[in-house]
Structure formats: structure tokens, C-alpha cells
Amino acid sequence: MSDSKYFNTTKKGELAELKADLQSDKKDRKKEAVKKIIANMTVGKDVSSLFAEVINCMQTDNLELKKLVYLYLMNYAKSQPDLAILAVNTFAKDCDDPNPLIRALAVRTMGCIRVDKITEYLCEPLRKCLKDDDPYVRKTAAVCVAKLHDINAQLVEDQGFLDLLKDLLSDSIPMVVANAVAALAEISETSASAAVLTSLDTQTVNKLLTALNECTEWGQVFILDSLVAYQPKDDKEAQSICERVTPRLSHANAAVVLSAVKVLMKYMEMLPVDGPVVTSLTKKLAPPLVTLLSAEPEIQFVALRNINLIVQKRPDILREDIKVFFVKYNDPIYVKLEKLEIMIRLANVNNIASVLSELKEYAAEVDVDFVRKAVRAIGRCAIKVESAAERCVSTLVELIQTKVTYVVQEGVVVIKDIFRKYPNQYESIISVLCENLDSLDEPEARASMIWILGEYCDRIDGVDEQLTPFVENFHDENVQVQLQLLTAVVKLFLKRPADTQQLVQKVLSLATQDSDNPDLRDRGYIYWRLLSTDPAAAKDVVLAEKPTISEETDLLEPVLLNELICHISTLASVYHKPPSAFVEGKVPVRRITLQPRAEPTAAQSTEDQGSDDEQGDATTNTMPAPLATGTDNLIGDLLSLDLNSGAGYAAAPVGGGGGRHGSSGLGDIDLLSGDLGSLQMGGMIGGGGMIGGGRMTMGGMMQTPVAPMGQPTDQLLGLDSLMGGGSLISVQRPQAVTPSQPLVGFGGPSQAPGGMANMDFFNLQSGISGGPSGNFLVSPKTEWLSAAKGKGLSVMGTFSARNGQMFADMILSNRALQPMNGFAIQFNKNSFGLVPGSQLQIAVLLPKQSLAVSLPLVPGGPVLKMQPVSLLQIAMKNNIDVFYFSAVIPMNVLFTLDGKMDRKVFLATWKEIPPSNEIQSTIENVSLTSDQIQQKLEANYVFTIAKRTVDNQDLLYMSLKFVNNIWVLCELKSIQNSTSVGIALKTVVVDVIPGVQEVMAAILHS
């Protein structure tokens, strides 16, 4: 008989009848009553008043009845915690039942009862089930540990369940191993101590790979995801893991395929770039990804979002399969748009003909949004593939001549970008654009057309007549159009001053006197005063040569891309955001990202690294990440760098103050609309002093105006009056902290010809850096900015500390064909408030030249918690563009010279910090005596407070202090004749502990 009868409308007084049935001696009546109760509970009726009677039915041999009672218990235990404790004895009894199904049912229910009062009573039954003889019980118990950890994490760690769970990784049943892996992954996501305790080793990984072949499909997903967090010892181990994971690419389940791709993408970063293994894997990755595109549209969309990331990292994988991304007529719009995006990324000289033919067809579709994207894609292809630009332009002209409004408007927008990319090449089509001037009604299209008219006003007949209608309707236009119109009319006046003076006066008057928009008004005032005071300078500013643009402007920032690659097959790869940006509640304590390759050799560093598949970045790392604060994106959108924050450079420390660097005053620098325009071009004018024509900002720091390229600096005098400033105030520029000994590249750059990699640019081997022994650990230089991203500018760098001063040691190389000048640098807000102690002292960087620069860093700037905590986001400007990149500062660089704490203070502080803030770890393979350990750590500003020997164990009590006055206390245990060193760290701010653990291990292994 169907169970639907239990869901019929209940009658009045039924609860009393159900209570009587539950107290009956007949098992059938009890079962029927419980079924009715579950039915009522399912439809939302409150039956919690029967809790005690239902609990009494737990002690039964009927498996069906027991399941129903447990279901009721899971639902109402939280609302009846005092009565729920009555079920503890039954749980304990059921965990010893001969039937494994009942034992598993009991342990599963225990994990679902979220009542603190009874949690501790469930530990012993759970412990028994973790060691049960039946694999079904063990796999269920493994999941229960993760649920119990979510309720009471401290209890799980104190009871040793994590060790029992880790033992299950060696289980002979793959199903048990998979559940244990899933549970450990869930726990380590939210617990720093658990993440350290449950980290994988080589032996465990081999066991997981053995179980991989026999697991269910979801078990395989759990195991593959856990392998992403593992760091192989060398490339041979990485190659071995890749070989054993590769067969998963042919699995029927899309989740298994993407998880296998994720593992291979990570481990390929650790293998030789041009080696046979990477070449082979590149070929093997393409077929499974292509196969995913024959699934349902929803799976296609997820696959395409993941492929978008893969193509940005390794375009060679799918470069020969571009045709599979051609749009089908019945594809949903969300699939079409993703395919279109990937087509553009894969477009190159070899396939541009077929791509362009497809895009031309798409432009004739009926879906307006898709047609707009297709037209814009043609423009992007023109910018990306120079040899096909003429063909793309011809296609765009054909589309514009169709007179379809939205096609014409998108065509005008992309042609403006093409003119920027290829100046003085395709101006012959301007007449075609002018014919469609009246059909433009969207702000972006109108603004683009006005830009074209202003830029080429000397080649267009009657351009003033074409601009006049826009001027007459000035106040009705969008702000974007008004700004372009203002600039276009000023350009026209500078090129044809005789017959356009009335027009420019009218526009300037409209922008300055009749407008309420501050951006428009300010730009109008600047133009007006430039034109009225020095037309020659105005010409240099307004008609200055514009930097070329790049198609790859929508690529993800390398640090974010590396992190998302390790989150393939998750929501993060669909949103293209790190998990912490959209997951509320507990934030993961671990940040998994790609491991950087070793530092390139001197020969490699001088080659042009502009290939499509180059994405190496110094900021990728595997250190555990701290708990994040309220930032929407942990990596951060680098375009939103707080360039108005006054973090441009810091004043020198004044007087005393705690910390190695003392206290530094910070001047606020107005950085002109968020770019780096107000930083000095090529250093301070006239050495240490400020020029007289500067103006004071609110923070009290003098701002220096920037000379246009090629303009003598003496023309800057009097700029304050042109900008409407007040009286001139002479303010001396603060002197940044400088090292006591001169360094190559600090006072001025030095050329590094020939064997650049063999030169010690920063005196790192001279012994002037570090503590008493001088053996301060300095990481090798890694690539911070590739030549491909920097438009020819390559930046290799590392961080160091010398004589108690922090430095960013960089090698800047010019791979472009033109000289670079006007260098300036600025940091975003960061966890330690670091700002540049001075500006870059580089006058000019010639083509094929490399310069070494040592930039002092000082604290005292704006603070924003980053992930990882020592992440530093950097903006560097030259005469070509502003470039954004990131680097992670090793923790020992942030330690101070005054980090030795008084013994009594140490003891009192240790007691004051709660035990929950103490995190222990072990460093293996340390072949040092305790004296050698003390010497190495003190060289890196980790100071010994006391030392004693107990039972063949040397105990070192140490302290260190960060530049932002965060203290970390350490107890280090070194067992004689052993290579293991135990470390216990205590601090009020536990976010810094993972980084301290990592750098201490690196110091002891150095």
C-alpha cells in the first residue's frame, strides 16, 4: 500500500491518538504511528510534543522503525536538548549492535544531532566505530568526525579523532579512504592546527593513488582534490603523480575529469617547461576538455568557464581545437558568450581566417547582445593579431554599412581602439564613420566617434560643423560624451586656432560655468588655464603621443589566476573569484595556489619572455593563509589600488620609537585621479629639495607637478598659479632611511651588462645584512612582472633586510625597442602598512639594458589585511603605462632588531596569551645543533631569551617582533642526535603564525 495515506489532512485530536499508539505494546501500531508523525513533520506540522514517546521507540530490533525514530530525533533534538540526552545510552548500545547497518545508522545520526550537551557523550561510540571491522561503519564514522568538528572543533582535536581519521587513509577499502580524505579536507579548510596536523606526506599520497583506481566516482573527486594541496618533493615525484592521475581524464563523470585536470595543471608548473612530460600532458588534456562540450548546456557552461582559466594559463592545450568553440545555432546565450570569449583567447595568425569568418556570421544573428559581443570580438582580434588587422577592419566597415544601429555603434567603439593600436594606418575609413554620425545614440558610441573626430580633426573636412550639434546639446549629453567633446574641441583649437576660437571658448564656458560635474569642471579649468598661459605646453600635454593599447586587458591578475587554477571544478572557477569572496561564514585558513618555478638563469632572464603561455609570478605560494577580513576579493582587484591614500612614500623616522624602523611620518600625496601622474618622473627634481612651484596637499606633503615628456623641468615653475593654487610654500622633502653603506642601484642605477646573474647587486653576500652572524636568509629573485605584461618592462625581485632596514631589491630590464623613463612606484594598502622609503632613482632605461635598484621600505602607511598576510600589491609607472603586480614578502624581512623580550616580560606574556593561540609544528631534516639553530635564527632577528637542557632535549625560548609591533613567542625543542625540531608559537594575532612557521623552516634548512 502506498505511503501517501500518511500525508492526508490530519484530524483534530490526532496527537493524542498518536501518543496512545506510541505507548502501545504492538509493534505494528508503533510503526504506523511513527510514520504518521514523520509525515506530519515533513509537511511542517509541529509534533515535538511527542518527543519523549518517540524516543522510547528507539530500543527496537525493527530496522525500519529505528530509521524513522532517528530521523525524528535529528529534526527535533535541537529544540528538545534536555530530552535528547535520553538517547545517549541507545546510541552507545546501537554502536555495539551485531548488525553493521545499525551501527552505521547510529553513528550517522550522532553526527547530525547538533546539541552541545550530548556531544561529549558521543565520543566513545564514535571512537569504536572508527576502528570497526566493517568498512561501511568506518566510512560512515569518518564523515561523522567532520560533522562533529563543525559542532565542537576543540573537542575533536583534544580527543585525538584527527589522528584516527588520518589512520583511515591507510585503510584497505577505497571507500573508507575516500570518506576519510573528504572529512580531513573539510576539517583542514577551517582549522589551522588541523591543516598542519593532517598535511599529506609521500607515503600517504601513494596510498591515496592506489585507492584512486577502485573508488567510486565521488571518492575519486575527493582524493584528486586532496592531491592539489600536496607539494611534491621534486619534479620526479610530480611526474609520477601525473602519470597515475592521467587515466582519470577518460572518466565518464565530468567532475572526475575536471578534478584530474586541476591536479595535472598544478603539477605541470613544477616540471621543466619544454620537457617531454609537459608536452605529452598538453596533448592529453585537450580531448577530455573537448568531450565535455558535448554534454548538456549547463555542464558545457561550467566546462567553458574552467576552460577559460586553463586557456589563460596554458593556451597551447587547446590552440589546435578552436573549431569546437564555434557557436551552434541551438546553443543557449550563456554558452554562446563563453565560447566567443575563448575563441578570442585562442585566435592567432594560423586560425584568424576561420575565426573572422565565424564572427562575421555571428554579427548577422538576431540576438542583439550576442551580435554586439561578436562585433566587439572582431575588434579585439584586430588588436591581438596584427597581420589580420586590415582584414578585420574591412569586415567592420562592411558591417557598419549594413546600417543596423547596434552594429554600427559597436563598430565605432572598436574602431576607436583599433586607431589607438595602429595610428596613421586606417584613417581612410573615417568618412564611412562620419556618414553614420546621426545614427549614434549610445553614450559610448558617441564618445568614441567624438574622440575620432578630435584625434584626426586636421584630416577631416568640416569637423567643426560636425562637432557643433554636440556642443549645442552639451547639457543633454552623458558625462562621458561631454568629457570627450571637451577634449576634442581643445585638440581642434590647438591644430586650427584661427577659425575655432569661438567654439573652444563656448565649450570651456559650458564645462566650467554651467556644469555641476566636478570631473568635467576640473578638466575644463585645466585646459582653460593651459591655453591662456602657455599654449605650447598645452599642445605638449593634450596632443602628446598616446601609449599603445593591448588586447589582453581582461586577463585575470596572475596571482588570482594561479589560485583559481587550484580551484578548477568548484564554484570559484565558475565565478572567477576566490572562495573567500563569495562564501559567507567560516573562511578557509589555507590558500592553495600554484608553486612558482625555480629562479631562471642569467641566460633565461635576458630572453624576451613575451610568449602567450608565460604566466609565472613571484606571488604564487603555498603558505597557509590567515583569516581574511571583510575584503570582497582576497587577491584584490589591482585596478582599485588606493592610489589616493598618501602611501606614495614615507618620511624618515623622527626621534626614537619601538621597532627596527622607528616611527615614520606619512605625507598625503594627491595622485591626480588615481593614477601615478603626480609621482616624480625619474626621481626628485634637483636632488633632495622640492621645486618652488609645488603645492601643499592636506597631509602637509609637497606635491610636485609632472613635466610632459620632453619638456624642460624649468617650465614647471609657476604651475601652482596656473592651477589656481595659493601662495607658494617651500617645504623640504623628507629624507628616507638609507643603508649605512652605499648600495649599487640605490643612490642611482647601475648598468648590469653581460653576466648579470653572476653579479651581487645588493651586497647580499657581504655580511652587512642580518643579525650577529650576518647570515640573513634572502630568497632568490623571482619574476614579479613579465615583459609580456609590462609591455617590454621586466621586473625580477626579492626582499631583504640590511642593517635593520627593509629593502625591495629589483632588477628592471627593458625588452622593448624604445627607452623608458619617468619611473615611479607605489604600494597598495597592506597588512603591515609598508610604503616606499624613497622613489625610484632611474633617469632612463635604454633598450636591452638592465638596472639594479634597491628600494627601502618603511612602515607607517595605511593598513589593510591581505591574504596571504604578507602580500604586497605594487603599482609601477613609466612613460609607457602603469603596471600592477604583486609579491609576497618573506616573514623574516618583517622582523625587527629590537625583538628580544625581557625574561620576566616573556614569562608573563606567555601566560597571558590563551592556550588556543598556541600552535605547534615539527620541522624535519634539521642537521644542526641547538647552538647552530640559535645562531641562524638570531641572524634573522629571532632572539633567544633563555636556554636549558632537560633529558637530552635542548629547549630554546625565543621572541621576535614585527614592524607593526606584533610579538611572537616561541618554544623550540631540539632533541640531541635527532633531525626533528619541535616548535610551539604563541601570539595574540595567530594570522601571522603560518608565515613564521614557513620562514623558520626555511632558515633552518638554509
# chains A, B, ... in the order shown; residues from 1 in each chain; ligands from 1

$ residues_around --residues "region 489-499 of chain A" --least-positions-apart "3" --cutoff "9 Å" --atoms "only C-alpha atoms" --output "list in words"
Leu453, Gly454, Glu455, Tyr456, Cys457, Asp458, Val463, Asp464, Leu467, Gln484, Leu485, Leu486, Gln502, Leu503, Val504, Val507, Leu508, Tyr527, Leu531, Pro535, Ala538, Lys539, Val542 and Leu543 of chain A

$ residues_around --residues "region 988-1002 of chain A" --least-positions-apart "3" --cutoff "10 Å" --atoms "only C-alpha atoms" --output "ChimeraX atom specification"
/A:192-193,196,589-590,622-628,777,779,867-870,889-893,895,909,912-914,916-926,936-937,940,942,960,962,966-969,981,983-985,1005-1006

$ residues_around --residues "Ser927 (chain A)" --least-positions-apart "5" --cutoff "12 Å" --atoms "only C-alpha atoms" --output "list in words"
Gln932, Ile933, Ser974, Ile975, Gln976, Asn977, Ser978, Thr979, Ser980, Val981, Leu1004, His1005 and Ser1006 of chain A

$ write_last_selection --atoms "all heavy atoms" --output "short mmCIF file (atom, residue, chain, number, x, y, z; two decimals), in the first residue's frame"
data_model
loop_
_atom_site.label_atom_id
_atom_site.label_comp_id
_atom_site.auth_asym_id
_atom_site.auth_seq_id
_atom_site.Cartn_x
_atom_site.Cartn_y
_atom_site.Cartn_z
N GLN A 932 73.83 26.04 16.79
CA GLN A 932 73.75 26.48 15.40
C GLN A 932 72.35 27.00 15.07
O GLN A 932 72.19 27.98 14.32
CB GLN A 932 74.11 25.31 14.48
CG GLN A 932 75.57 24.91 14.55
CD GLN A 932 75.87 23.63 13.79
OE1 GLN A 932 75.02 22.73 13.74
NE2 GLN A 932 77.05 23.53 13.21
N ILE A 933 71.33 26.35 15.64
CA ILE A 933 69.95 26.81 15.44
C ILE A 933 69.79 28.22 16.00
O ILE A 933 69.23 29.11 15.35
CB ILE A 933 68.96 25.84 16.10
CG1 ILE A 933 68.93 24.51 15.34
CG2 ILE A 933 67.56 26.44 16.16
CD1 ILE A 933 68.09 23.45 16.01
N SER A 974 64.87 20.91 20.66
CA SER A 974 65.82 20.19 19.82
C SER A 974 66.32 18.97 20.59
O SER A 974 66.97 19.10 21.64
CB SER A 974 66.98 21.10 19.42
OG SER A 974 67.99 20.37 18.75
N ILE A 975 65.99 17.78 20.10
CA ILE A 975 66.41 16.54 20.74
C ILE A 975 67.79 16.16 20.22
O ILE A 975 68.02 16.14 19.01
CB ILE A 975 65.40 15.40 20.47
CG1 ILE A 975 64.01 15.82 20.93
CG2 ILE A 975 65.82 14.11 21.15
CD1 ILE A 975 62.94 14.84 20.58
N GLN A 976 68.69 15.87 21.15
CA GLN A 976 70.06 15.52 20.76
C GLN A 976 70.06 14.24 19.92
O GLN A 976 69.31 13.30 20.19
CB GLN A 976 70.93 15.36 22.00
CG GLN A 976 71.07 16.66 22.80
CD GLN A 976 71.87 16.49 24.08
OE1 GLN A 976 72.42 15.43 24.32
NE2 GLN A 976 71.90 17.53 24.91
N ASN A 977 70.89 14.23 18.87
CA ASN A 977 71.01 13.10 17.95
C ASN A 977 69.71 12.85 17.18
O ASN A 977 69.40 11.72 16.80
CB ASN A 977 71.43 11.82 18.68
CG ASN A 977 72.76 11.98 19.39
OD1 ASN A 977 73.69 12.61 18.86
ND2 ASN A 977 72.88 11.44 20.60
N SER A 978 68.91 13.88 16.97
CA SER A 978 67.68 13.77 16.20
C SER A 978 67.64 14.90 15.19
O SER A 978 68.18 15.97 15.43
CB SER A 978 66.45 13.84 17.11
OG SER A 978 65.27 13.91 16.35
N THR A 979 66.98 14.64 14.04
CA THR A 979 66.88 15.67 13.00
C THR A 979 65.52 16.37 13.04
O THR A 979 65.20 17.12 12.12
CB THR A 979 67.08 15.04 11.61
OG1 THR A 979 66.10 14.02 11.40
CG2 THR A 979 68.48 14.45 11.48
N SER A 980 64.73 16.10 14.05
CA SER A 980 63.43 16.75 14.18
C SER A 980 63.50 17.88 15.21
O SER A 980 64.10 17.72 16.27
CB SER A 980 62.35 15.76 14.60
OG SER A 980 62.18 14.77 13.62
N VAL A 981 62.90 19.00 14.88
CA VAL A 981 62.84 20.15 15.78
C VAL A 981 61.38 20.52 15.99
O VAL A 981 60.65 20.75 15.03
CB VAL A 981 63.62 21.35 15.21
CG1 VAL A 981 63.43 22.59 16.08
CG2 VAL A 981 65.10 21.03 15.08
N LEU A 1004 66.19 27.18 8.95
CA LEU A 1004 66.91 26.02 9.48
C LEU A 1004 67.36 25.06 8.38
O LEU A 1004 68.27 24.27 8.58
CB LEU A 1004 66.02 25.27 10.49
CG LEU A 1004 65.61 26.08 11.73
CD1 LEU A 1004 64.84 25.22 12.70
CD2 LEU A 1004 66.84 26.67 12.42
N HIS A 1005 66.72 25.14 7.23
CA HIS A 1005 67.13 24.28 6.11
C HIS A 1005 68.13 24.98 5.20
O HIS A 1005 68.63 24.36 4.26
CB HIS A 1005 65.91 23.87 5.28
CG HIS A 1005 65.02 22.88 5.97
ND1 HIS A 1005 63.65 22.82 5.79
CD2 HIS A 1005 65.30 21.90 6.87
CE1 HIS A 1005 63.14 21.86 6.52
NE2 HIS A 1005 64.11 21.29 7.20
N SER A 1006 68.40 26.26 5.45
CA SER A 1006 69.29 27.01 4.56
C SER A 1006 70.75 26.66 4.83
O SER A 1006 71.12 26.19 5.90
CB SER A 1006 69.07 28.51 4.75
OG SER A 1006 69.41 28.90 6.05
#

$ closest_residue --among "A:Leu271, A:Ala185, A:Ala52, A:Ala194" --to "Gln154 (chain A)" --atoms "only C-alpha atoms"
A:Ala194

$ residues_around --residues "Asn253 (chain A)" --least-positions-apart "3" --cutoff "12 Å" --atoms "only C-alpha atoms" --output "list in words"
Thr216, Glu217, Trp218, Gly219, Gln220, Val221, Arg248, Leu249, Ser250, Val256, Val257, Leu258, Ser259, Ala260, Pro288, Thr291, Leu292, Ala295, Ile299 and Ser569 of chain A

$ select_by_dssp --residues "region 174-285 of chain A" --states "alpha helix (DSSP H)" --output "PyMOL selection string"
chain A and resi 174-188+192-197+202-212+217-228+235-245+254-268+276-285

$ atom_distance --atom1 "CA of Phe419 (chain A)" --atom2 "CA of Ala537 (chain A)"
24.8 Å

$ residues_around --residues "Leu22 (chain A)" --least-positions-apart "4" --cutoff "12 Å" --atoms "only C-alpha atoms" --output "MDAnalysis selection string"
chainID A and resid 15:18 26:37 50:58 65 69

$ closest_atom_pairs --of "region 391-414 of chain A" --to "region 336-353 of chain A" --cutoff "12 Å" --atoms "only C-alpha atoms" --output "Markdown table"
| residue | atom | partner | partner_atom | distance |
| --- | --- | --- | --- | --- |
| A:Arg391 | CA | A:Ala353 | CA | 8.8 |
| A:Cys392 | CA | A:Ile352 | CA | 9.5 |
| A:Thr395 | CA | A:Ala353 | CA | 11.5 |

$ write_last_selection --atoms "C-alpha atoms" --output "mmCIF file, in the first residue's frame"
data_model
loop_
_atom_site.group_PDB
_atom_site.id
_atom_site.type_symbol
_atom_site.label_atom_id
_atom_site.label_comp_id
_atom_site.auth_asym_id
_atom_site.auth_seq_id
_atom_site.Cartn_x
_atom_site.Cartn_y
_atom_site.Cartn_z
ATOM 1 C CA ARG A 391 41.036 42.121 -42.832
ATOM 2 C CA CYS A 392 39.246 42.800 -39.530
ATOM 3 C CA THR A 395 34.902 43.300 -42.091
#

$ closest_residue --among "A:Met866, A:Ile317, A:Ile118, A:Ile378" --to "Val355 (chain A)" --atoms "only C-alpha atoms"
A:Ile378

$ closest_residue --among "A:Lys284, A:Lys66, A:Lys829, A:Lys421" --to "Pro547 (chain A)" --atoms "only C-alpha atoms"
A:Lys421

$ atom_distance --atom1 "CA of Val404 (chain A)" --atom2 "CA of Ser439 (chain A)"
9.2 Å

$ residues_around --residues "Leu907 (chain A)" --least-positions-apart "5" --cutoff "12 Å" --atoms "only C-alpha atoms" --output "VMD selection string"
chain A and resid 901 to 902 912 to 913 945 to 946 957 to 959 969 to 971 986

$ closest_residue --among "A:Asp234, A:Asp163, A:Asp898, A:Asp809" --to "Glu783 (chain A)" --atoms "only C-alpha atoms"
A:Asp809
